[in-house]
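> Shown below is the structure under consideration.
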Amino acid sequence: MVNVFRLRQGVAVPLNASTLQLHCDAVDVPSYDRSALTPAIVHIGVGNFHRAHQAVYFDDLARLGISSQWGITGVNLRSRRTSDLLSDQDGLYTVVQRDGDRDTARIVGSIRHCHYAAEERETVLAALTDERTAIVSMTITANGYHTDDDLGAAGSHGSAWAYLTEALKRRRRNGSAPFTVLSCDNIPDNGGATRTALVSFAARRDESLAQWIDRNVQFPSGMVDRITPKTGDEERKLVLDRYGIADQAPVMTEQFSQWILEDAFGNGRPPLEEVGVEFVTDVAGHKLVKARLLNGTHCALGYLGTLAGYRRADEAMGDPVIYGYVEQLMREEIAPLLPAVPGLDIDDYCTTVLERLTNPRISDQLSRLAARGSVKMPTYFLPSLAEAVRSGRPHTLLMTGLAAWIRYLRGYDLGGSPLHIEDPQAELLTALATMSRRNPGPLLQHELFGDLRLMPDVASGLSALIRSIETRGVATTLRRHLRGDYRELVQR
């Protein structure tokens with residue numbers, strides 16, 4: 001009756017622990033006792049992706065009665081706003097899964113507390129040193145793996161490595177078992193990268209501590225995947241209008257979700273295999289397939305779609321020519337370069353990627369796909385091109401994706417309107433890309449291009465493709481290099 005009254009009166013109900021049951025008629029709410037959750041996980045970087053991905057899996061464990069031993073304490077190093085919003089809502093927030101012609105919504109309750117480290121340093125360290133904390137997981141983006149020495153600086157936010165080092169120092173001193181450090185970032189060999197960053201940071205403080213960490217702390221690798229766009233006023237309004245929830249921190253995401261983990265935990269691990277997580281002995285093959293087929297394709301789509309005048313991935317994929325390009329790029333130029341992975345059908349994976357990219361219910365902005373190209377392209381896209389060139393395999397579509405990035409870096413679209421280049425090396429790359437008009441030579445000398453700098457005919461081929469994009473446009477350029485049946489591909 002409360003919900004009916006609220007909707008009739010048009011009064012939105014805020015989201016917090018005291019109002020949780022008022023929302024049970026509109027959305028799925030946690031049916032478990034949140035106060036009984038053991039705070040066994042500290043997660044650093046409580047952004048949209050964590051809340052749409054890892055936190056949902058742990059919420060499932062509790063909802064299904066599998067385990068209440070894996071509650072989350074959230075920590076943000078940079079974003080006070082997110083911490084404040086979640087604290088005001090007692091860690092609760094709405095996740096809306098958008099797929100096909102329907103949405104499903106749920107309130108997630110696995111995050112018990114969320115702290116802003118800059119103002120709650122000792123509270124954060126207390127959570128990290130709590131003997132019940134078995135896992136410290138992280139989503140700190142690729143840039144967060146550059147260590148800096150900042151713990152204890154007056155007014156400093158502190159890095160993840162600084163907090164982990166201090167916490168492990170205290171646990172070692174107290175005789176407590178170390179926690180597992182679990183990277184949930186989309187970087188190659190994230191387990192190895194996390195070990196290297198933490199051990200090297202600790203070594204600058206205490207060599208014996210660094211050696212202890214290297215010997216005793218587990219760093220499992222993993223692969224995560226779920227499209228999660230930014231949340232804005234439109235998304236908050238959708239949750240308010242449709243479900244009557246005045247949620248200041250909702251998350252929109254797709255139905256698809258994937259988490260593959262190396263089974264290499266210390267100090268216990270959650271039974272996540274019971275809620276859809278796949279544990280394997282080697283994550284590398286799965287990560288390579290995702291990096292090349294999904295992330296690499298994202299790069300090409302971001303640049304070509306933007307230059308073609310589109311703003312969203314689903315809009316661009318609605319163009320039969322771009323759809324045909326994306327499908328043929330994956331199936332004919334990237335997939336043949338990939339090794340066989342046990343239990344993974346690469347052709348089915350390509351089909352799933354196409355379905356996800358064409359989903360109009362979860363609009364991924366091309367600007368997000370195009371951002372940070374100096375980090376993404378050498379990691380996800382250029383290795384496929386270099387391998388194809390070396391092995392003499394077809395690579396025209398890969399070259400076209402690179403040509404689009406180079407043209408995009410000039411900072412204006414094909415109509416002359418300015419583009420915002422979001423990249424840590426934006427100024428340098430734009431200067432190099434514009435130095436010699438359609439000649440990519442100056443830019444190709446940048447170290448991020450690796451062996452491609454020395455490969456014959458790459459520069460001339462790129463120059464011709466850039467000229468074609470500028471004079472003929474994206475669609476005509478792509479048509480020239482696609483098989484004639486690309487329209488049939490769209491209809492399959």
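Ordered as shown in the structure tokens, chains take letters A, B, and onward, while each chain numbers its residues from 1 and ligands are numbered from 1 in the order shown.
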When DSSP is applied to the backbone of this structure, which of range 252-478 of chain A are assigned strand (DSSP E)? Write them out as a PDB file with N, CA and C atoms, in the first residue's frame.

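See states16.pdb below for the written result:
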```pdb
ATOM      1  N   MET A 252      23.338   1.939 -14.782  1.00  0.00           N
ATOM      2  CA  MET A 252      22.743   1.272 -15.936  1.00  0.00           C
ATOM      3  C   MET A 252      23.773   0.300 -16.509  1.00  0.00           C
ATOM      4  N   THR A 253      23.316  -0.874 -16.902  1.00  0.00           N
ATOM      5  CA  THR A 253      24.245  -1.838 -17.474  1.00  0.00           C
ATOM      6  C   THR A 253      23.498  -2.786 -18.396  1.00  0.00           C
ATOM      7  N   GLN A 258      30.448 -11.029 -17.370  1.00  0.00           N
ATOM      8  CA  GLN A 258      31.418 -12.123 -17.370  1.00  0.00           C
ATOM      9  C   GLN A 258      32.538 -11.821 -16.385  1.00  0.00           C
ATOM     10  N   TRP A 259      32.915 -12.851 -15.638  1.00  0.00           N
ATOM     11  CA  TRP A 259      34.032 -12.741 -14.695  1.00  0.00           C
ATOM     12  C   TRP A 259      34.746 -14.080 -14.691  1.00  0.00           C
ATOM     13  N   ILE A 260      35.981 -14.076 -15.121  1.00  0.00           N
ATOM     14  CA  ILE A 260      36.804 -15.281 -15.142  1.00  0.00           C
ATOM     15  C   ILE A 260      37.998 -15.031 -14.233  1.00  0.00           C
ATOM     16  N   LEU A 261      38.245 -15.954 -13.314  1.00  0.00           N
ATOM     17  CA  LEU A 261      39.280 -15.761 -12.309  1.00  0.00           C
ATOM     18  C   LEU A 261      40.242 -16.942 -12.259  1.00  0.00           C
ATOM     19  N   GLU A 262      41.500 -16.625 -12.027  1.00  0.00           N
ATOM     20  CA  GLU A 262      42.497 -17.636 -11.726  1.00  0.00           C
ATOM     21  C   GLU A 262      42.259 -18.123 -10.299  1.00  0.00           C
ATOM     22  N   GLU A 278      33.594 -18.004 -13.542  1.00  0.00           N
ATOM     23  CA  GLU A 278      34.346 -19.166 -14.005  1.00  0.00           C
ATOM     24  C   GLU A 278      35.758 -19.115 -13.435  1.00  0.00           C
ATOM     25  N   PHE A 279      36.150 -20.162 -12.711  1.00  0.00           N
ATOM     26  CA  PHE A 279      37.504 -20.271 -12.184  1.00  0.00           C
ATOM     27  C   PHE A 279      38.318 -21.164 -13.113  1.00  0.00           C
ATOM     28  N   VAL A 280      39.484 -20.683 -13.507  1.00  0.00           N
ATOM     29  CA  VAL A 280      40.344 -21.416 -14.434  1.00  0.00           C
ATOM     30  C   VAL A 280      41.771 -21.401 -13.911  1.00  0.00           C
TER      31      VAL A 280
END
```
> Which residues come within 12 Å of Ser417 in chain A, counting only C-alpha atoms, excluding same-chain residues fewer than 4 positions away, as a list in words?
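Counting only the stated atoms, we get Thr306, Leu307, Gly309, Tyr408, Arg410, Gly411, Tyr412 and Asp413 of chain A.
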> Using only N, CA and C atoms, please write the residues we just selected to a file, as a PDB file, in the first residue's frame.

```pdb
ATOM      1  N   THR A 306      32.837   7.884 -34.900  1.00  0.00           N
ATOM      2  CA  THR A 306      32.873   9.326 -34.642  1.00  0.00           C
ATOM      3  C   THR A 306      33.091  10.103 -35.934  1.00  0.00           C
ATOM      4  N   LEU A 307      34.046   9.659 -36.745  1.00  0.00           N
ATOM      5  CA  LEU A 307      34.311  10.352 -38.006  1.00  0.00           C
ATOM      6  C   LEU A 307      33.130  10.252 -38.964  1.00  0.00           C
ATOM      7  N   GLY A 309      30.143  10.555 -38.029  1.00  0.00           N
ATOM      8  CA  GLY A 309      29.106  11.447 -37.533  1.00  0.00           C
ATOM      9  C   GLY A 309      28.205  10.868 -36.470  1.00  0.00           C
ATOM     10  N   TYR A 408      41.465  10.952 -36.521  1.00  0.00           N
ATOM     11  CA  TYR A 408      40.744  11.449 -35.338  1.00  0.00           C
ATOM     12  C   TYR A 408      41.655  12.333 -34.479  1.00  0.00           C
ATOM     13  N   ARG A 410      43.734  14.431 -35.223  1.00  0.00           N
ATOM     14  CA  ARG A 410      43.918  15.807 -35.696  1.00  0.00           C
ATOM     15  C   ARG A 410      43.020  16.787 -34.960  1.00  0.00           C
ATOM     16  N   GLY A 411      42.001  16.283 -34.292  1.00  0.00           N
ATOM     17  CA  GLY A 411      41.204  17.133 -33.417  1.00  0.00           C
ATOM     18  C   GLY A 411      39.995  17.781 -34.048  1.00  0.00           C
ATOM     19  N   TYR A 412      39.631  17.381 -35.254  1.00  0.00           N
ATOM     20  CA  TYR A 412      38.404  17.899 -35.873  1.00  0.00           C
ATOM     21  C   TYR A 412      37.826  16.803 -36.762  1.00  0.00           C
ATOM     22  N   ASP A 413      36.497  16.794 -36.907  1.00  0.00           N
ATOM     23  CA  ASP A 413      35.860  15.740 -37.690  1.00  0.00           C
ATOM     24  C   ASP A 413      35.904  16.063 -39.177  1.00  0.00           C
TER      25      ASP A 413
END
```
> I'd like the neighbourhood of range 330-342 of chain A as a list in words, where a residue qualifies if any of its atoms comes within 7 Å (using only C-alpha atoms), though same-chain residues fewer than 2 positions away should be ignored.
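Skipping anything fewer than 2 positions along the chain leaves Gly285, His286, Val289, Arg292, Leu293, Val326, Glu327, Gln328, Leu344, Cys350, Ser384, Pro394 and His395 of chain A.
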> For Ile187 in chain A, which residue out of A:Glu207, A:Asp319, A:Asp233, A:Asp225 is the nearest one, using only C-alpha atoms?
A:Asp225
